[in-house]
Amino acid sequence: MAVKRKSDSVKFADLGVSQQELLRYYGDMLLIRRFEERAGQMYGMGLIGGFCHLYIGQEAVVVGMQAALKEGDTIVTSYRDHGHMLAAGMDPKGVMAELTGRRSGYSHGKGGSMHMFSREKNFFGGHGIVGAQVPIGTGLAFAHHYRGNGLICVTYLGDGAINQGQVYESFNMAALWKLPVVYAIENNRYGMGTSIDRASARTDLFHRGMAYGIPGEQVDGMNVLAIYEAGLAAAEHARSGQGPIILEMMTYRYRGHSMSDPAKYRTRDEVNRMRTEHDPIEQVRHRLLEDGANEAQLKQIEGEVRDRVAEAAQFAQDSPEPDPAELWTDVLAEA
């Protein structure tokens, strides 16, 4: 049965989240924001080629969800993936080097923005085909189930991908075999340039698993604590053998679908209203100050984040491009 919960007013003290942990969430979200802003600048300078989909505005989703996971849990996502990489603990230098097509990038400069991976951090991509990560995430959950290791997979998808047929094949298999998977729908309201009410007959997407008996919940995706609370419950549901669950994160991207998108399908007032009234980072900043954190602590975090992003950008620019011989590597696996 689908359940809708309003978690807007959840307090971090009620969740057992310390001020130190909330400061970490603040730093993690700020790192993603500043990294993506720098990536946008570098794209404009011609240092990043190909496609580039920025995560600005959606930072709370992956930071809150990642905080609810255990060591060894796996994650997989689509092409708006830099934030997921950073939240999973991947090195900003390696991520930026991959964005710029350098040898020291996570895919040795051959994957670019949409296709980088880290087995060490249990991050299985970045996938460029809309919805293609959902069967992969379901397969990762099957591997956890088969091995009986008590781990789960979080599979991220967008409101555009939810209408793909392979998503529902995956839902059916996951429900049939009670696989330990959390399907996290990042509903940022626009699939490329089409608003959700023009693309989906029913726009409350957490209901989409009802035909398979998959429970669902809608969460304030701009509130990292609401996501953390829902993530803990969803992870426990999947981990305890009850099968898959859907979380619909109501979020918003501030930039266009990709760097080539001027986003003229929405008004400037709409974007500004979301920034001023619902910004996920400002919400946490406000709560920290209310709880007794001081400006000096926050400024220190901001300075550390700024330095890490600057270091990553310089590292990427200083790194060599791949040797042409790399065209022939990672193409065939000898079995």
# chains A, B, ... in the order shown; residues from 1 in each chain; ligands from 1
>>> residues_around(residues="segment 52-57 of chain A", least_positions_apart="2", cutoff="9 Å", atoms="only C-alpha atoms", output="VMD selection string")
chain A and resid 32 to 34 36 to 37 39 to 40 43 48 to 50 59 to 60 79 to 83 99 112 to 114 222 251 to 260 274 to 275 279 to 281
>>> residues_around(residues="Tyr25 of chain A", least_positions_apart="4", cutoff="9 Å", atoms="only C-alpha atoms", output="MDAnalysis selection string")
chainID A and resid 20:21 29:30 60 63:64 67 224 281 284
>>> atom_distance(atom1="atom CA of Leu31 of chain A", atom2="atom CA of Glu321 of chain A")
25.5 Å
>>> closest_atom_pairs(of="segment 78-185 of chain A", to="segment 196-199 of chain A", cutoff="12 Å", atoms="only C-alpha atoms", output="tab-separated table")
residue	atom	partner	partner_atom	distance
A:Gly158	CA	A:Ile196	CA	10.6
A:Asp159	CA	A:Ile196	CA	7.1
A:Gly160	CA	A:Ile196	CA	7.7
A:Ala161	CA	A:Ala199	CA	10.7
A:Ile162	CA	A:Ala199	CA	10.2
A:Asn163	CA	A:Ala199	CA	8.4
A:Gln164	CA	A:Ala199	CA	11.6
>>> write_last_selection(atoms="C-alpha atoms", output="JSON list (two decimals), in the first residue's frame")
[["chain", "number", "residue", "atom", "x", "y", "z"],
["A", 158, "GLY", "CA", 14.19, 10.61, -12.42],
["A", 159, "ASP", "CA", 10.60, 11.57, -13.13],
["A", 160, "GLY", "CA", 11.32, 11.16, -16.84],
["A", 161, "ALA", "CA", 12.71, 7.64, -16.48],
["A", 162, "ILE", "CA", 9.67, 6.49, -14.50],
["A", 163, "ASN", "CA", 7.71, 6.11, -17.74],
["A", 164, "GLN", "CA", 10.21, 3.67, -19.28]]
>>> residues_around(residues="Gln314 of chain A", least_positions_apart="4", cutoff="10 Å", atoms="only C-alpha atoms", output="list in words")
Lys93, Met96, Ala97, Arg308, Val309, Ala310, Asp318 and Ser319 of chain A
>>> residues_around(residues="Phe142 of chain A", least_positions_apart="4", cutoff="10 Å", atoms="only C-alpha atoms", output="PDB file with N, CA and C atoms, in the first residue's frame")
ATOM      1  N   ILE A 136      19.907  -2.496 -13.785  1.00  0.00           N
ATOM      2  CA  ILE A 136      21.223  -2.751 -13.189  1.00  0.00           C
ATOM      3  C   ILE A 136      21.123  -2.722 -11.660  1.00  0.00           C
ATOM      4  N   GLY A 137      20.427  -1.718 -11.136  1.00  0.00           N
ATOM      5  CA  GLY A 137      20.257  -1.639  -9.688  1.00  0.00           C
ATOM      6  C   GLY A 137      19.474  -2.817  -9.138  1.00  0.00           C
ATOM      7  N   THR A 138      18.502  -3.267  -9.903  1.00  0.00           N
ATOM      8  CA  THR A 138      17.733  -4.450  -9.496  1.00  0.00           C
ATOM      9  C   THR A 138      18.642  -5.676  -9.492  1.00  0.00           C
ATOM     10  N   TYR A 146      21.141 -12.956  -3.263  1.00  0.00           N
ATOM     11  CA  TYR A 146      21.734 -14.265  -3.552  1.00  0.00           C
ATOM     12  C   TYR A 146      22.846 -14.592  -2.562  1.00  0.00           C
ATOM     13  N   ARG A 147      23.647 -13.577  -2.242  1.00  0.00           N
ATOM     14  CA  ARG A 147      24.770 -13.789  -1.326  1.00  0.00           C
ATOM     15  C   ARG A 147      24.348 -13.761   0.133  1.00  0.00           C
ATOM     16  N   GLY A 148      23.161 -13.269   0.408  1.00  0.00           N
ATOM     17  CA  GLY A 148      22.686 -13.197   1.787  1.00  0.00           C
ATOM     18  C   GLY A 148      23.562 -12.337   2.671  1.00  0.00           C
ATOM     19  N   ILE A 152      21.892  -3.686   0.765  1.00  0.00           N
ATOM     20  CA  ILE A 152      20.827  -3.242  -0.137  1.00  0.00           C
ATOM     21  C   ILE A 152      21.433  -2.407  -1.262  1.00  0.00           C
ATOM     22  N   CYS A 153      20.631  -2.190  -2.293  1.00  0.00           N
ATOM     23  CA  CYS A 153      21.013  -1.271  -3.366  1.00  0.00           C
ATOM     24  C   CYS A 153      20.015  -0.119  -3.414  1.00  0.00           C
ATOM     25  N   MET A 173      10.152  -7.902 -11.108  1.00  0.00           N
ATOM     26  CA  MET A 173      11.138  -8.886 -10.660  1.00  0.00           C
ATOM     27  C   MET A 173      11.542  -8.655  -9.209  1.00  0.00           C
ATOM     28  N   ALA A 174      11.728  -7.366  -8.856  1.00  0.00           N
ATOM     29  CA  ALA A 174      12.137  -7.041  -7.487  1.00  0.00           C
ATOM     30  C   ALA A 174      11.071  -7.454  -6.480  1.00  0.00           C
ATOM     31  N   TRP A 177      10.757 -11.475  -6.226  1.00  0.00           N
ATOM     32  CA  TRP A 177      11.834 -12.135  -5.483  1.00  0.00           C
ATOM     33  C   TRP A 177      12.187 -11.427  -4.176  1.00  0.00           C
ATOM     34  N   LYS A 178      11.392 -10.398  -3.831  1.00  0.00           N
ATOM     35  CA  LYS A 178      11.618  -9.623  -2.603  1.00  0.00           C
ATOM     36  C   LYS A 178      13.076  -9.161  -2.497  1.00  0.00           C
ATOM     37  N   LEU A 179      13.517  -8.472  -3.521  1.00  0.00           N
ATOM     38  CA  LEU A 179      14.900  -8.018  -3.569  1.00  0.00           C
ATOM     39  C   LEU A 179      15.113  -6.781  -2.699  1.00  0.00           C
ATOM     40  N   PRO A 180      16.278  -6.661  -2.081  1.00  0.00           N
ATOM     41  CA  PRO A 180      16.561  -5.531  -1.177  1.00  0.00           C
ATOM     42  C   PRO A 180      16.990  -4.279  -1.941  1.00  0.00           C
ATOM     43  N   VAL A 181      16.008  -3.582  -2.502  1.00  0.00           N
ATOM     44  CA  VAL A 181      16.303  -2.398  -3.303  1.00  0.00           C
ATOM     45  C   VAL A 181      15.374  -1.253  -2.916  1.00  0.00           C
TER      46      VAL A 181
END
>>> residues_around(residues="Thr329 of chain A", least_positions_apart="4", cutoff="12 Å", atoms="only C-alpha atoms", output="VMD selection string")
chain A and resid 107 to 108 110 322 to 325 333 to 334
>>> select_by_dssp(residues="segment 110-193 of chain A", states="strand (DSSP E or B)", output="list in words")
Ser118, Phe123, Cys153, Val154, Thr155, Tyr156, Leu157, Gly158, Val181, Val182, Tyr183, Ala184, Ile185, Glu186, Asn187, Tyr190 and Gly191 of chain A
>>> select_by_dssp(residues="segment 150-257 of chain A", states="helix (DSSP H, G or I)", output="VMD selection string")
chain A and resid 161 to 163 165 to 176 196 to 199 205 to 207 210 to 212 224 to 239
>>> write_last_selection(atoms="C-alpha atoms", output="JSON list (two decimals), in the first residue's frame")
[["chain", "number", "residue", "atom", "x", "y", "z"],
["A", 161, "ALA", "CA", 12.71, 7.64, -16.48],
["A", 162, "ILE", "CA", 9.67, 6.49, -14.50],
["A", 163, "ASN", "CA", 7.71, 6.11, -17.74],
["A", 165, "GLY", "CA", 9.06, 0.08, -19.72],
["A", 166, "GLN", "CA", 12.23, -1.47, -18.31],
["A", 167, "VAL", "CA", 11.45, 0.25, -14.98],
["A", 168, "TYR", "CA", 8.27, -1.79, -14.57],
["A", 169, "GLU", "CA", 9.92, -5.04, -15.61],
["A", 170, "SER", "CA", 12.42, -4.33, -12.84],
["A", 171, "PHE", "CA", 9.67, -3.52, -10.34],
["A", 172, "ASN", "CA", 7.97, -6.83, -11.10],
["A", 173, "MET", "CA", 11.14, -8.89, -10.66],
["A", 174, "ALA", "CA", 12.14, -7.04, -7.49],
["A", 175, "ALA", "CA", 8.71, -7.61, -5.94],
["A", 176, "LEU", "CA", 8.50, -11.23, -7.10],
["A", 196, "ILE", "CA", 5.71, 16.20, -15.31],
["A", 197, "ASP", "CA", 2.03, 17.07, -15.71],
["A", 198, "ARG", "CA", 2.48, 16.97, -19.49],
["A", 199, "ALA", "CA", 4.29, 13.61, -19.46],
["A", 205, "LEU", "CA", 4.97, 8.86, -8.63],
["A", 206, "PHE", "CA", 5.30, 6.98, -5.34],
["A", 207, "HIS", "CA", 2.15, 5.08, -6.38],
["A", 210, "MET", "CA", 1.14, -0.48, -6.51],
["A", 211, "ALA", "CA", 0.50, -3.05, -9.25],
["A", 212, "TYR", "CA", 3.39, -5.10, -7.85],
["A", 224, "VAL", "CA", 17.98, 16.55, 4.14],
["A", 225, "LEU", "CA", 16.56, 15.44, 7.49],
["A", 226, "ALA", "CA", 13.23, 14.39, 6.00],
["A", 227, "ILE", "CA", 15.18, 12.32, 3.47],
["A", 228, "TYR", "CA", 17.40, 10.83, 6.16],
["A", 229, "GLU", "CA", 14.34, 9.82, 8.21],
["A", 230, "ALA", "CA", 12.58, 8.28, 5.22],
["A", 231, "GLY", "CA", 15.84, 6.69, 4.05],
["A", 232, "LEU", "CA", 16.41, 4.94, 7.36],
["A", 233, "ALA", "CA", 12.93, 3.43, 7.29],
["A", 234, "ALA", "CA", 13.17, 2.45, 3.61],
["A", 235, "ALA", "CA", 16.60, 0.88, 4.05],
["A", 236, "GLU", "CA", 15.36, -1.15, 7.01],
["A", 237, "HIS", "CA", 12.32, -2.28, 4.99],
["A", 238, "ALA", "CA", 14.53, -3.54, 2.15],
["A", 239, "ARG", "CA", 17.19, -4.97, 4.45]]
>>> closest_residue(among="A:Leu327, A:Gly16, A:Glu120, A:Val154", to="Ala141 of chain A", atoms="only C-alpha atoms")
A:Val154
>>> atom_distance(atom1="atom CA of Gly209 of chain A", atom2="atom CA of Gly243 of chain A")
11.8 Å
>>> decode(residues="segment 24-155 of chain A", atoms="C-alpha atoms", output="mmCIF file, in the first residue's frame")
data_model
loop_
_atom_site.group_PDB
_atom_site.id
_atom_site.type_symbol
_atom_site.label_atom_id
_atom_site.label_comp_id
_atom_site.auth_asym_id
_atom_site.auth_seq_id
_atom_site.Cartn_x
_atom_site.Cartn_y
_atom_site.Cartn_z
ATOM 1 C CA ARG A 24 28.804 17.124 7.999
ATOM 2 C CA TYR A 25 25.601 17.087 5.943
ATOM 3 C CA TYR A 26 26.013 20.824 5.439
ATOM 4 C CA GLY A 27 29.594 20.358 4.273
ATOM 5 C CA ASP A 28 28.680 17.476 1.964
ATOM 6 C CA MET A 29 25.877 19.436 0.310
ATOM 7 C CA LEU A 30 28.043 22.523 -0.007
ATOM 8 C CA LEU A 31 30.814 20.471 -1.621
ATOM 9 C CA ILE A 32 28.387 19.198 -4.253
ATOM 10 C CA ARG A 33 27.024 22.715 -4.876
ATOM 11 C CA ARG A 34 30.444 24.345 -5.258
ATOM 12 C CA PHE A 35 31.818 21.444 -7.304
ATOM 13 C CA GLU A 36 28.917 21.665 -9.736
ATOM 14 C CA GLU A 37 29.235 25.426 -10.006
ATOM 15 C CA ARG A 38 32.913 25.031 -10.886
ATOM 16 C CA ALA A 39 32.093 22.265 -13.373
ATOM 17 C CA GLY A 40 29.650 24.629 -15.053
ATOM 18 C CA GLN A 41 32.356 27.292 -15.300
ATOM 19 C CA MET A 42 34.861 24.829 -16.728
ATOM 20 C CA TYR A 43 32.328 23.638 -19.276
ATOM 21 C CA GLY A 44 31.873 27.231 -20.397
ATOM 22 C CA MET A 45 35.648 27.539 -20.766
ATOM 23 C CA GLY A 46 35.741 24.504 -23.049
ATOM 24 C CA LEU A 47 37.587 22.334 -20.524
ATOM 25 C CA ILE A 48 34.702 19.854 -20.273
ATOM 26 C CA GLY A 49 33.287 18.362 -23.452
ATOM 27 C CA GLY A 50 30.243 16.298 -24.291
ATOM 28 C CA PHE A 51 27.220 16.231 -22.033
ATOM 29 C CA CYS A 52 27.164 17.671 -18.519
ATOM 30 C CA HIS A 53 24.091 17.558 -16.268
ATOM 31 C CA LEU A 54 24.460 19.560 -13.058
ATOM 32 C CA TYR A 55 22.944 18.576 -9.697
ATOM 33 C CA ILE A 56 22.549 22.096 -8.284
ATOM 34 C CA GLY A 57 19.424 22.251 -6.088
ATOM 35 C CA GLN A 58 19.077 18.500 -5.517
ATOM 36 C CA GLU A 59 21.949 18.046 -3.049
ATOM 37 C CA ALA A 60 19.790 17.035 -0.077
ATOM 38 C CA VAL A 61 18.492 13.902 -1.808
ATOM 39 C CA VAL A 62 21.753 12.018 -2.118
ATOM 40 C CA VAL A 63 23.339 13.368 1.081
ATOM 41 C CA GLY A 64 20.322 12.403 3.195
ATOM 42 C CA MET A 65 19.986 9.015 1.550
ATOM 43 C CA GLN A 66 23.679 8.217 1.772
ATOM 44 C CA ALA A 67 23.638 9.005 5.492
ATOM 45 C CA ALA A 68 20.986 6.299 5.969
ATOM 46 C CA LEU A 69 23.069 3.527 4.355
ATOM 47 C CA LYS A 70 25.549 1.017 5.746
ATOM 48 C CA GLU A 71 29.076 0.161 4.644
ATOM 49 C CA GLY A 72 28.844 -2.102 1.612
ATOM 50 C CA ASP A 73 25.437 -0.946 0.356
ATOM 51 C CA THR A 74 25.541 -0.200 -3.368
ATOM 52 C CA ILE A 75 24.197 2.722 -5.368
ATOM 53 C CA VAL A 76 23.559 3.313 -9.057
ATOM 54 C CA THR A 77 22.126 6.332 -10.825
ATOM 55 C CA SER A 78 21.625 8.025 -14.174
ATOM 56 C CA TYR A 79 23.555 10.821 -15.882
ATOM 57 C CA ARG A 80 22.983 13.595 -13.297
ATOM 58 C CA ASP A 81 25.529 11.805 -11.199
ATOM 59 C CA HIS A 82 28.377 14.009 -9.922
ATOM 60 C CA GLY A 83 26.569 14.631 -6.639
ATOM 61 C CA HIS A 84 26.100 10.913 -6.055
ATOM 62 C CA MET A 85 29.800 10.309 -6.646
ATOM 63 C CA LEU A 86 30.857 12.921 -4.133
ATOM 64 C CA ALA A 87 28.281 11.779 -1.548
ATOM 65 C CA ALA A 88 29.591 8.220 -1.923
ATOM 66 C CA GLY A 89 33.050 9.451 -0.966
ATOM 67 C CA MET A 90 34.700 9.515 -4.376
ATOM 68 C CA ASP A 91 37.623 11.945 -4.626
ATOM 69 C CA PRO A 92 36.625 15.310 -6.187
ATOM 70 C CA LYS A 93 39.989 15.366 -7.978
ATOM 71 C CA GLY A 94 39.280 12.071 -9.739
ATOM 72 C CA VAL A 95 35.733 13.135 -10.602
ATOM 73 C CA MET A 96 36.836 16.477 -12.054
ATOM 74 C CA ALA A 97 39.684 14.800 -13.934
ATOM 75 C CA GLU A 98 37.172 12.459 -15.540
ATOM 76 C CA LEU A 99 34.896 15.354 -16.452
ATOM 77 C CA THR A 100 37.790 16.975 -18.274
ATOM 78 C CA GLY A 101 38.781 13.716 -19.997
ATOM 79 C CA ARG A 102 42.100 13.224 -18.197
ATOM 80 C CA ARG A 103 44.094 10.071 -17.548
ATOM 81 C CA SER A 104 43.729 10.370 -13.763
ATOM 82 C CA GLY A 105 39.932 10.356 -13.925
ATOM 83 C CA TYR A 106 37.860 7.516 -12.500
ATOM 84 C CA SER A 107 37.330 6.014 -15.975
ATOM 85 C CA HIS A 108 40.780 7.067 -17.209
ATOM 86 C CA GLY A 109 39.302 9.964 -19.155
ATOM 87 C CA LYS A 110 37.141 7.759 -21.368
ATOM 88 C CA GLY A 111 33.782 7.953 -19.605
ATOM 89 C CA GLY A 112 33.275 11.651 -19.057
ATOM 90 C CA SER A 113 30.393 13.084 -17.080
ATOM 91 C CA MET A 114 27.934 10.233 -17.465
ATOM 92 C CA HIS A 115 30.056 7.096 -17.169
ATOM 93 C CA MET A 116 32.353 6.811 -14.207
ATOM 94 C CA PHE A 117 32.416 4.137 -11.538
ATOM 95 C CA SER A 118 34.086 3.198 -8.273
ATOM 96 C CA ARG A 119 34.006 -0.385 -7.051
ATOM 97 C CA GLU A 120 35.870 0.786 -3.951
ATOM 98 C CA LYS A 121 33.000 3.122 -3.022
ATOM 99 C CA ASN A 122 30.283 0.723 -4.265
ATOM 100 C CA PHE A 123 29.218 3.255 -6.890
ATOM 101 C CA PHE A 124 28.136 1.475 -10.077
ATOM 102 C CA GLY A 125 27.579 4.471 -12.393
ATOM 103 C CA GLY A 126 26.475 6.968 -14.038
ATOM 104 C CA HIS A 127 24.406 5.701 -17.007
ATOM 105 C CA GLY A 128 23.524 7.726 -20.085
ATOM 106 C CA ILE A 129 20.462 5.790 -21.296
ATOM 107 C CA VAL A 130 17.268 6.959 -19.611
ATOM 108 C CA GLY A 131 16.086 4.287 -17.172
ATOM 109 C CA ALA A 132 18.914 1.848 -17.982
ATOM 110 C CA GLN A 133 20.273 1.991 -14.439
ATOM 111 C CA VAL A 134 17.050 0.558 -12.979
ATOM 112 C CA PRO A 135 17.558 -3.031 -14.233
ATOM 113 C CA ILE A 136 21.223 -2.751 -13.189
ATOM 114 C CA GLY A 137 20.257 -1.639 -9.688
ATOM 115 C CA THR A 138 17.733 -4.450 -9.496
ATOM 116 C CA GLY A 139 20.514 -6.842 -10.498
ATOM 117 C CA LEU A 140 22.773 -5.476 -7.773
ATOM 118 C CA ALA A 141 19.968 -6.078 -5.291
ATOM 119 C CA PHE A 142 19.625 -9.637 -6.626
ATOM 120 C CA ALA A 143 23.354 -10.155 -5.983
ATOM 121 C CA HIS A 144 22.914 -9.002 -2.372
ATOM 122 C CA HIS A 145 19.904 -11.304 -1.995
ATOM 123 C CA TYR A 146 21.734 -14.265 -3.552
ATOM 124 C CA ARG A 147 24.770 -13.789 -1.326
ATOM 125 C CA GLY A 148 22.686 -13.197 1.787
ATOM 126 C CA ASN A 149 25.019 -10.399 2.864
ATOM 127 C CA GLY A 150 22.365 -8.147 4.440
ATOM 128 C CA LEU A 151 23.155 -5.290 2.068
ATOM 129 C CA ILE A 152 20.827 -3.242 -0.137
ATOM 130 C CA CYS A 153 21.013 -1.271 -3.366
ATOM 131 C CA VAL A 154 19.682 2.261 -3.758
ATOM 132 C CA THR A 155 18.684 2.846 -7.371
#
